[in-house]
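Colleague: Take a look at this one; I'll ask things after.
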Amino acid sequence: MAKSALLKSSIVKKYWMALTGLFLCLFLAGHLAGNLQLIFGDALQFNQYAVFMTSNPAVKLLSYLTYFSILFHAFDGFMLTYQNVKARPIGYAKTNPGANSSFSSRNMAVLGTLILVFIVTHMVNFWAVMHFDKNMPLMKQTVEVQGQKQELFVGRKVGEFYQVDQIQLEGEAPNPMMPKQITIKNGTDVYNIQANVKIGELYKDLHKITFAFFQDAKTGLIATILYVLAMAVLAFHLLHGFQSAFQSLGVNNKFTPAIKTFGKLFAIIVPLLFAVIPVYIHFFK
Amino acid sequence: MSSAKNININLKIWRQKNAKSKGSMETYKLDNVSTASSFLEMLDQLNEQLINEKKEPIAFDHDCREGICGMCSLYINGRAHGPDTGITTCQLHMRMFKDGDTIFVEPWRSKAFPVIKDLVVDRSAFDRIQQAGGFVSVNTSGNTIDANATPVPKHDADKAFEAAACIGCGACVATCKNGSAMLFVGAKVSQYALLPQGKVEATQRVLNMVRQMDEEGFGNCTNTGACEIECPKGISLENIARMNREFLKASLK
Ligand code: HEM
Ligand code: SF4
Ligand code: FES
């Protein structure tokens, strides 16, 4: 009995909704801390953060948990909504929902679906480009070499730089007169061609494509506006969701007023800070 | 009641011959309704008018007409038990309406509460949930222990009493956008879970009542809080949280 109840009961659906939802709130906080480096850090710091996010094993585990949470939260949300639509096959001729419940609480499924659409677009725009785009730029920095300013590829070790024209790029016809010594493999690995050994590693320039994305002459403004709107949707989802998760998990006690206040602050501040970033990039950089 | 006056109203009421027929909203005009009368007295007045016109009177549930039985069950102008809080339909008065108002009257809408006729719905789903676990075992062999002989902390007794105030009217289900019965089931689970007498069956009770609730086809709570506001007995959402805790405890056993 207990076992099967754990799989299909209404209340269990709620536990999963709440656990995945709260985990996603944690994810939001972490993601925000990283993104804020687009304002408060330099390009190198941001790209280092991107490397950390994609290579550290603990962070990797967390990111898999995040993917799982988003998918399961959405799936569970649809199941829940389906059950609820079925529970009232004939609706009322007249309703007055504002008399007893908040806008957010009544529209969680719609808000959530919009967030899902946003997450997918967001991942296509940044995550997929970062991981799969052949044209993903590598990070360069302007460095003074013997009094001359030069654009060099930045290596991951301190003081590690490569001259752009030293590198045999993929698809570039080799010059038989002056064969180049090094090339790039696996996206970012710097290889000595003759010895075929890895001698260093570069950064993918996520900072650059992010700025380019929001500063694009044609699509930058609309991208910024859509991003801000998506954050507004997230804010409404969290306005109800944060405190609701505690109720679902059975926490309704003397801490509840504090949880509600914290939830409201979280729901407003976190999406607001996310939204400030593209606005800053588009209008003030 | 010197301020009482008479008003003329329009009514849009759900009429449905029987459980199988389709049903529709019908419009009625009713004049000279005293604002001192109750909502159900107004419906009595309308029924007299219909009988005089040799038409079928409107079927609606009611019994005590003083807010304790939970039978009256009307969804009035988009709200369970109408435009007031902390009351049943029989406690709603016509002074809440104005001359010339159009008033919508509909039955509770829930898959688990099928319409029997007009405004009358079948709420036996609640009975089956109650039968699934809403009881305590008592030794009736002649040496029954007086309930008061078992000490109960005052705080628990108060909370149990608040939960036990639920009259099973179903307004929580009717008003919930999800058609969820969790306020009712939460109240029934809590009422026993808080008392020493209820501890014996605690594990099975919550599992069985929630299972029955799901089998009846009720929706799933999303914590909108509408039920708490429309409940005539002020049953608190705390009871749903307690049920969620009890369910977790019982599932892990
Ligand atoms: C970063 C993204 C998201 C966060 C932080 C988040 C957070 C939350 C939280 C905390 C809850 C409350 C859980 C509860 O009441 O027990 C919730 C509920 C819900 N979410 Fe999300 N969510 C996110 C994305 C989504 C997505 C993508 C969908 C759907 C496609 C979705 C659909 C829902 C639904 C249907 C509910 C249930 C409504 C309710 O219980 O009130 N959410 N979410
Ligand atoms: S919880 Fe309130 S609204 Fe629901 S059945 Fe009990 S008394 Fe009626
Ligand atoms: S008729 Fe009994 S509560 Fe309304």
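Just remember, in the structure tokens the first chain shown is A, the second B, etc., residues are 1-based per chain, and ligands are 1-based in the order shown.
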Using only C-alpha atoms, select each residue of chain A with any atom at most 8 Å away from an atom of chain B, and give the selection as a PyMOL selection string.
Modeller: chain A and resi 2-3+5-6+9-11+14+80+83-97+99-102+105-106+244+247-253
Colleague: Give me the residues within 10 Å of Val136 (chain B) as a list in words, counting only C-alpha atoms and dropping any in the same chain fewer than 3 places off.
Modeller: Gly133, Asn139, Tyr192, Gln197, Gly198, Lys199, Val200, Glu201, Ala202 and Arg205 of chain B
Colleague: Dump N, CA, C and O atoms for the selected residues as a short mmCIF file (atom, residue, chain, number, x, y, z; two decimals), in the first residue's frame?
Modeller:
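File again.cif, as written:
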data_model
loop_
_atom_site.label_atom_id
_atom_site.label_comp_id
_atom_site.auth_asym_id
_atom_site.auth_seq_id
_atom_site.Cartn_x
_atom_site.Cartn_y
_atom_site.Cartn_z
N GLY B 133 -11.59 5.89 6.45
CA GLY B 133 -10.64 6.05 7.55
C GLY B 133 -11.06 7.05 8.61
O GLY B 133 -10.37 7.20 9.63
N ASN B 139 -13.67 0.32 22.25
CA ASN B 139 -14.08 -0.92 22.90
C ASN B 139 -15.51 -0.76 23.41
O ASN B 139 -15.78 0.05 24.29
N TYR B 192 -8.63 13.60 13.87
CA TYR B 192 -8.25 12.40 14.61
C TYR B 192 -6.75 12.35 14.92
O TYR B 192 -6.35 11.88 15.98
N GLN B 197 -6.89 9.29 20.97
CA GLN B 197 -7.79 8.23 20.50
C GLN B 197 -7.58 7.90 19.03
O GLN B 197 -7.90 6.81 18.58
N GLY B 198 -7.04 8.86 18.28
CA GLY B 198 -6.89 8.66 16.84
C GLY B 198 -5.57 8.06 16.44
O GLY B 198 -5.35 7.74 15.27
N LYS B 199 -4.67 7.89 17.42
CA LYS B 199 -3.31 7.46 17.08
C LYS B 199 -3.26 6.02 16.54
O LYS B 199 -2.44 5.71 15.68
N VAL B 200 -4.15 5.17 17.04
CA VAL B 200 -4.08 3.75 16.70
C VAL B 200 -4.14 3.53 15.19
O VAL B 200 -3.31 2.84 14.61
N GLU B 201 -5.12 4.17 14.55
CA GLU B 201 -5.30 3.94 13.10
C GLU B 201 -4.61 5.01 12.26
O GLU B 201 -4.86 5.10 11.05
N ALA B 202 -3.75 5.84 12.89
CA ALA B 202 -3.24 7.03 12.20
C ALA B 202 -2.62 6.70 10.84
O ALA B 202 -2.91 7.36 9.84
N ARG B 205 -5.19 5.42 8.33
CA ARG B 205 -6.25 6.40 8.07
C ARG B 205 -5.87 7.34 6.93
O ARG B 205 -6.59 7.48 5.95
#
Colleague: May I ask for the distance between CA of Asp216 (chain A) and CA of His282 (chain A), given in Å to one decimal place?
Modeller: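 Going from CA of Asp216 (chain A) over to CA of His282 (chain A) covers 8.6 Å.
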Colleague: At a cut-off of 12 Å, using only C-alpha atoms, what residues contact Asp99 (chain B)? Leave out same-chain residues fewer than 5 positions from it and give the result as a VMD selection string.
Modeller: chain B and resid 5 to 10 29 to 35 94
Colleague: May I have the residues within 12 Å of ligand 3, computed using only C-alpha atoms and all ligand atoms, as number ranges by chain?
Modeller: B: 38-41, 60-74, 81, 86-92, 166-171, 231-233
Colleague: For region 155-169 of chain A, work out the shell of residues within 6 Å, counting only C-alpha atoms and skipping chain neighbours fewer than 6 positions away, then give it as a count of residues only.
Modeller: 5
Colleague: Compute the set of protein, DNA and RNA residues whose minimum atom distance to ligand 1 is at most 8 Å, using only C-alpha atoms and all ligand atoms, and state it as a PyMOL selection string.
Modeller: (chain A and resi 14-28+70-71+73-78+80-81+105-117+119+234+237-238+240-249) or (chain B and resi 221-224)
Colleague: Hey, what's within 10 Å of Gln16 (chain B) if we count only C-alpha atoms and toss same-chain stuff fewer than 6 positions away? As a ChimeraX atom specification, please?
Modeller: /B:22-26,58-59,115-120
Colleague: Separation of CA of Leu206 (chain A) and CA of Thr66 (chain A), in Å?
Modeller: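 According to the coordinates, CA of Leu206 (chain A) and CA of Thr66 (chain A) are separated by 20.6 Å.
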Colleague: Can you work out which one of B:Ala193, B:Ala160, B:Met209, B:Val185 has the shortest atom-to-atom distance to ligand 2, counting only C-alpha atoms and all ligand atoms?
Modeller: B:Val185
Colleague: Write out as a VMD selection string all residues of region 74-131 of chain A that DSSP puts in alpha helix (DSSP H) for this structure's backbone.
Modeller: chain A and resid 74 to 86 103 to 106 108 to 122 128 to 131
Colleague: List the neighbours of region 185-192 of chain A out to 9 Å using only C-alpha atoms; skip same-chain residues closer than 2 positions along the sequence, and give me the result as a CSV table (one decimal) with N, CA and C atoms, in the first residue's frame.
Modeller:
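Once written, part_33.csv looks like this:
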chain,number,residue,atom,x,y,z
A,134,LYS,N,30.3,25.3,-34.2
A,134,LYS,CA,31.7,25.2,-34.7
A,134,LYS,C,32.3,26.6,-34.8
A,136,MET,N,31.9,29.0,-32.6
A,136,MET,CA,32.0,29.6,-31.2
A,136,MET,C,33.4,30.3,-31.1
A,138,LEU,N,36.9,31.9,-29.8
A,138,LEU,CA,37.8,31.7,-28.7
A,138,LEU,C,38.2,33.0,-28.1
A,155,GLY,N,45.3,31.8,-22.9
A,155,GLY,CA,45.4,30.4,-22.4
A,155,GLY,C,44.8,30.4,-21.0
A,167,ILE,N,48.6,30.0,-35.3
A,167,ILE,CA,47.8,28.8,-35.1
A,167,ILE,C,47.2,28.4,-36.5
A,170,GLU,N,41.4,25.2,-38.3
A,170,GLU,CA,40.7,24.1,-39.0
A,170,GLU,C,40.2,24.7,-40.4
A,181,GLN,N,53.2,25.6,-36.3
A,181,GLN,CA,53.6,24.6,-35.3
A,181,GLN,C,52.4,24.1,-34.5
A,182,ILE,N,51.4,25.0,-34.3
A,182,ILE,CA,50.3,24.6,-33.4
A,182,ILE,C,48.9,24.7,-34.0
A,183,THR,N,48.0,23.9,-33.5
A,183,THR,CA,46.6,23.9,-34.0
A,183,THR,C,45.7,23.7,-32.8
A,194,GLN,N,53.4,18.6,-34.7
A,194,GLN,CA,54.3,17.6,-35.0
A,194,GLN,C,54.3,16.5,-33.9
A,195,ALA,N,54.4,16.9,-32.7
A,195,ALA,CA,54.4,15.9,-31.6
A,195,ALA,C,53.0,15.4,-31.2
A,196,ASN,N,52.0,16.1,-31.7
A,196,ASN,CA,50.6,15.7,-31.4
A,196,ASN,C,50.4,15.6,-29.9
A,197,VAL,N,50.9,16.6,-29.2
A,197,VAL,CA,50.6,16.6,-27.7
A,197,VAL,C,49.9,18.0,-27.4
A,198,LYS,N,49.1,17.9,-26.4
A,198,LYS,CA,48.4,19.0,-25.9
A,198,LYS,C,49.3,19.9,-25.2
A,199,ILE,N,49.4,21.2,-25.5
A,199,ILE,CA,50.3,22.1,-24.8
A,199,ILE,C,49.6,23.2,-24.0
A,200,GLY,N,48.3,23.3,-24.2
A,200,GLY,CA,47.6,24.3,-23.5
A,200,GLY,C,46.1,24.3,-23.8
A,201,GLU,N,45.4,25.2,-23.2
A,201,GLU,CA,43.9,25.2,-23.5
A,201,GLU,C,43.4,26.6,-23.5
A,202,LEU,N,42.5,26.9,-24.4
A,202,LEU,CA,41.9,28.3,-24.5
A,202,LEU,C,40.5,28.4,-23.9
A,203,TYR,N,40.0,29.5,-23.9
A,203,TYR,CA,38.6,29.7,-23.4
A,203,TYR,C,37.7,30.0,-24.6
A,204,LYS,N,36.5,29.3,-24.5
A,204,LYS,CA,35.4,29.7,-25.4
A,204,LYS,C,34.9,31.1,-24.9
